[in-house]
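Coordinates as given in my_file-v3.pdb (PDB, C-alpha atoms, pLDDT in the B column):
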```pdb
ATOM      1  CA  MET R   1     -99.936  53.301  98.978  1.00 73.00           C
ATOM      2  CA  ILE R   2    -101.646  50.980  96.555  1.00 82.00           C
ATOM      3  CA  HIS R   3     -99.428  49.745  93.730  1.00 92.00           C
ATOM      4  CA  ASP R   4    -101.043  48.784  90.437  1.00 95.00           C
ATOM      5  CA  VAL R   5    -100.467  45.453  88.775  1.00 98.00           C
ATOM      6  CA  VAL R   6     -98.911  46.182  85.374  1.00 98.00           C
ATOM      7  CA  SER R   7     -98.099  42.687  84.135  1.00 98.00           C
ATOM      8  CA  VAL R   8     -99.298  39.137  84.593  1.00 98.00           C
ATOM      9  CA  GLU R   9     -97.882  35.847  83.372  1.00 98.00           C
ATOM     10  CA  VAL R  10     -99.569  32.485  83.901  1.00 98.00           C
ATOM     11  CA  LEU R  11     -97.249  29.868  85.371  1.00 98.00           C
ATOM     12  CA  THR R  12     -98.038  26.269  86.323  1.00 96.00           C
ATOM     13  CA  GLY R  13    -101.136  25.364  88.287  1.00 94.00           C
ATOM     14  CA  TYR R  14    -102.848  28.448  89.651  1.00 97.00           C
ATOM     15  CA  CYS R  15     -99.673  30.494  90.006  1.00 97.00           C
ATOM     16  CA  LEU R  16     -99.286  33.913  88.440  1.00 98.00           C
ATOM     17  CA  LYS R  17     -96.176  36.029  88.072  1.00 98.00           C
ATOM     18  CA  LEU R  18     -97.238  39.604  88.784  1.00 98.00           C
ATOM     19  CA  GLY R  19     -95.399  42.848  88.096  1.00 98.00           C
ATOM     20  CA  PHE R  20     -96.252  46.062  89.924  1.00 97.00           C
ATOM     21  CA  ASP R  21     -95.812  49.702  88.979  1.00 97.00           C
ATOM     22  CA  ASP R  22     -92.919  50.148  91.425  1.00 96.00           C
ATOM     23  CA  GLY R  23     -90.875  47.360  89.799  1.00 97.00           C
ATOM     24  CA  VAL R  24     -91.737  44.639  92.330  1.00 97.00           C
ATOM     25  CA  VAL R  25     -92.248  41.228  90.708  1.00 98.00           C
ATOM     26  CA  GLY R  26     -93.412  38.088  92.441  1.00 97.00           C
ATOM     27  CA  ILE R  27     -95.484  34.922  92.298  1.00 97.00           C
ATOM     28  CA  VAL R  28     -98.940  34.423  93.779  1.00 97.00           C
ATOM     29  CA  ASP R  29    -100.701  31.067  94.013  1.00 96.00           C
ATOM     30  CA  ILE R  30    -104.303  32.143  93.472  1.00 97.00           C
ATOM     31  CA  SER R  31    -105.600  28.816  94.797  1.00 95.00           C
ATOM     32  CA  GLN R  32    -104.208  29.884  98.183  1.00 93.00           C
ATOM     33  CA  GLN R  33    -105.967  33.260  98.034  1.00 92.00           C
ATOM     34  CA  VAL R  34    -109.524  32.459  96.963  1.00 93.00           C
ATOM     35  CA  ARG R  35    -111.983  29.608  97.075  1.00 92.00           C
ATOM     36  CA  PHE R  36    -113.189  28.639  93.633  1.00 95.00           C
ATOM     37  CA  GLN R  37    -116.798  29.460  94.499  1.00 93.00           C
ATOM     38  CA  GLY R  38    -119.225  32.130  93.364  1.00 93.00           C
ATOM     39  CA  VAL R  39    -117.640  34.562  90.935  1.00 94.00           C
ATOM     40  CA  PHE R  40    -114.360  32.641  91.329  1.00 95.00           C
ATOM     41  CA  ALA R  41    -115.868  29.221  90.441  1.00 96.00           C
ATOM     42  CA  PRO R  42    -114.943  29.443  86.725  1.00 97.00           C
ATOM     43  CA  LEU R  43    -111.274  29.891  87.689  1.00 97.00           C
ATOM     44  CA  ALA R  44    -111.142  26.217  88.689  1.00 97.00           C
ATOM     45  CA  ASP R  45    -111.125  25.455  84.945  1.00 97.00           C
ATOM     46  CA  GLN R  46    -107.460  25.880  83.985  1.00 97.00           C
ATOM     47  CA  ALA R  47    -108.317  27.128  80.479  1.00 97.00           C
ATOM     48  CA  PHE R  48    -110.525  29.866  81.953  1.00 98.00           C
ATOM     49  CA  PHE R  49    -107.967  30.682  84.655  1.00 98.00           C
ATOM     50  CA  GLU R  50    -105.368  31.300  81.949  1.00 98.00           C
ATOM     51  CA  GLN R  51    -107.551  34.060  80.445  1.00 98.00           C
ATOM     52  CA  VAL R  52    -106.418  36.408  83.228  1.00 98.00           C
ATOM     53  CA  THR R  53    -105.424  39.898  82.088  1.00 98.00           C
ATOM     54  CA  VAL R  54    -104.324  43.173  83.610  1.00 98.00           C
ATOM     55  CA  ASN R  55    -107.244  45.568  83.946  1.00 96.00           C
ATOM     56  CA  ALA R  56    -105.627  49.016  83.930  1.00 95.00           C
ATOM     57  CA  ASP R  57    -108.875  50.649  85.054  1.00 94.00           C
ATOM     58  CA  ILE R  58    -108.667  48.917  88.432  1.00 93.00           C
ATOM     59  CA  GLY R  59    -104.898  48.416  88.550  1.00 94.00           C
ATOM     60  CA  SER R  60    -105.194  44.693  89.069  1.00 96.00           C
ATOM     61  CA  ILE R  61    -105.831  41.359  87.414  1.00 98.00           C
ATOM     62  CA  ALA R  62    -109.240  40.252  86.167  1.00 97.00           C
ATOM     63  CA  TRP R  63    -110.954  37.468  84.286  1.00 98.00           C
ATOM     64  CA  PRO R  64    -113.596  37.657  81.517  1.00 97.00           C
ATOM     65  CA  ASN R  65    -116.449  36.989  83.988  1.00 97.00           C
ATOM     66  CA  GLY R  66    -115.551  40.104  85.992  1.00 95.00           C
ATOM     67  CA  ALA R  67    -113.728  38.342  88.823  1.00 96.00           C
ATOM     68  CA  ASP R  68    -110.813  40.410  90.090  1.00 96.00           C
ATOM     69  CA  LEU R  69    -108.520  40.646  93.085  1.00 95.00           C
ATOM     70  CA  ASP R  70    -107.529  43.611  95.214  1.00 92.00           C
ATOM     71  CA  PRO R  71    -104.079  44.876  94.136  1.00 93.00           C
ATOM     72  CA  LEU R  72    -103.216  45.778  97.741  1.00 89.00           C
ATOM     73  CA  VAL R  73    -103.747  42.203  98.877  1.00 90.00           C
ATOM     74  CA  LEU R  74    -101.746  40.855  95.924  1.00 95.00           C
ATOM     75  CA  TYR R  75     -98.913  43.271  96.690  1.00 93.00           C
ATOM     76  CA  THR R  76     -98.768  42.263 100.338  1.00 91.00           C
ATOM     77  CA  VAL R  77     -98.695  38.579  99.387  1.00 93.00           C
ATOM     78  CA  VAL R  78     -95.874  39.135  96.872  1.00 95.00           C
ATOM     79  CA  THR R  79     -93.812  41.325  99.206  1.00 93.00           C
ATOM     80  CA  LYS R  80     -94.720  39.391 102.372  1.00 90.00           C
ATOM     81  CA  THR R  81     -95.549  42.662 104.120  1.00 84.00           C
ATOM     82  CA  GLN R  82     -98.338  43.761 106.402  1.00 73.00           C
ATOM     83  CA  LEU R  83    -101.352  45.629 105.099  1.00 66.00           C
ATOM     84  CA  ASN R  84    -101.194  49.313 105.971  1.00 61.00           C
ATOM     85  CA  LEU R  85    -104.453  49.764 107.786  1.00 58.00           C
ATOM     86  CA  ASP R  86    -103.804  53.190 109.318  1.00 61.00           C
ATOM     87  CA  ARG R  87    -107.019  54.636 107.930  1.00 55.00           C
ATOM     88  CA  TRP R  88    -108.935  51.849 109.705  1.00 53.00           C
ATOM     89  CA  GLN R  89    -107.308  52.529 113.070  1.00 57.00           C
ATOM     90  CA  GLY R  90    -109.775  51.797 115.820  1.00 59.00           C
ATOM     91  CA  PHE R  91    -111.680  49.292 113.687  1.00 57.00           C
ATOM     92  CA  LEU R  92    -108.965  46.659 113.200  1.00 54.00           C
ATOM     93  CA  PRO R  93    -105.972  45.497 115.229  1.00 54.00           C
ATOM     94  CA  GLN R  94    -102.653  47.184 114.428  1.00 55.00           C
ATOM     95  CA  GLN R  95    -100.834  44.045 113.222  1.00 62.00           C
ATOM     96  CA  VAL R  96    -102.802  42.124 110.623  1.00 61.00           C
ATOM     97  CA  ASP R  97    -101.476  39.241 108.585  1.00 66.00           C
ATOM     98  CA  PRO R  98    -102.634  40.012 105.006  1.00 64.00           C
ATOM     99  CA  VAL R  99    -103.429  36.408 104.132  1.00 67.00           C
ATOM    100  CA  GLU R 100    -105.316  35.834 107.371  1.00 70.00           C
ATOM    101  CA  PHE R 101    -107.178  39.132 106.931  1.00 67.00           C
ATOM    102  CA  GLN R 102    -108.298  38.092 103.445  1.00 66.00           C
ATOM    103  CA  ARG R 103    -109.349  34.656 104.716  1.00 66.00           C
ATOM    104  CA  GLN R 104    -111.445  36.290 107.427  1.00 67.00           C
ATOM    105  CA  LEU R 105    -113.110  38.528 104.864  1.00 62.00           C
ATOM    106  CA  ARG R 106    -113.841  35.546 102.613  1.00 60.00           C
ATOM    107  CA  HIS R 107    -115.344  33.693 105.581  1.00 59.00           C
ATOM    108  CA  GLU R 108    -117.667  36.626 106.242  1.00 53.00           C
ATOM    109  CA  TRP R 109    -118.706  36.748 102.547  1.00 52.00           C
ATOM    110  CA  ASP R 110    -119.549  33.034 102.369  1.00 46.00           C
TER     111      ASP R 110
END
```
Serialized structure, C-alpha cells:
Amino acid sequence: MIHDVVSVEVLTGYCLKLGFDDGVVGIVDISQQVRFQGVFAPLADQAFFEQVTVNADIGSIAWPNGADLDPLVLYTVVTKTQLNLDRWQGFLPQQVDPVEFQRQLRHEWD
C-alpha cells in the first residue's frame, strides 16, 4: 500500500520531517536520496530547497520546478522497511533494500 505524504516541515540542512496519511512521522535527509543534478539541481540552493510543499495530487512532496519524490520510497526510508515488490515478482529479487534500489535506479537514469 502506498501512503500519501500529508505534511512536510523543513529542518536543518536537507532534512525534512514528513507526515503520512497513516500517522507515521519521520525525518528524511534528501541529500542522501538524490543527487542534486538534472531536475534536482535547483535543490542544492537551500532557499529553493525550502520551497518544498505537499502536492496532494501525487501524494508526495514537490518543488516549484516540478521535482518530486516517490511517496513509497520516502515511506520506506522513514519506516526503515522493505519495499513491497510483490507485483514485480520475477523481475526483481525478493529482498530489496529501498535505499539501494533507489540508488540503482538513479544510476540507470544518469
Subject >> Answer key for the PyMOL selection byres ((chain R and resi 9-22) around 9), residues as a PyMOL selection string >> reply: chain R and resi 3-8+23-32+43-44+46+49-53+61+71+74-75+78
Subject >> Straight-line distance linking CA of Ala47 in chain R with CA of Thr79 in chain R, stated in Å to one decimal >> reply: 27.6 Å
Original post:
How far is it from CA of Thr76 in chain R to CA of Gly38 in chain R, in Å with one decimal?
Top reply: 23.9 Å
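Remark: for Asn65 in chain R, the closest of the candidate residues R:Thr81, R:Phe40, R:Asp45, R:Glu100 is R:Phe40 (distances computed over all atoms listed in the file).
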Subject >> Residue neighbourhood Val39 in chain R, 10 Å, all atoms listed in the file, exclusion window fewer than 4 positions, as an NGL selection string >> reply: :R and (35 or 43 or 63 or 65-68)
Go ahead and save the picked residues with C-alpha atoms, as a compact mmCIF listing (two decimals), in the frame of the given file.
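The file below, result.txt, is the result:
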```txt
# COMPACT_ATOMS: atom_id res chain seq x y z
CA ARG R 35 -111.98 29.61 97.08
CA LEU R 43 -111.27 29.89 87.69
CA TRP R 63 -110.95 37.47 84.29
CA ASN R 65 -116.45 36.99 83.99
CA GLY R 66 -115.55 40.10 85.99
CA ALA R 67 -113.73 38.34 88.82
CA ASP R 68 -110.81 40.41 90.09
```
Subject >> Two-atom distance - CA of Ser60 in chain R, CA of Leu72 in chain R (Å) >> reply: 9.0 Å
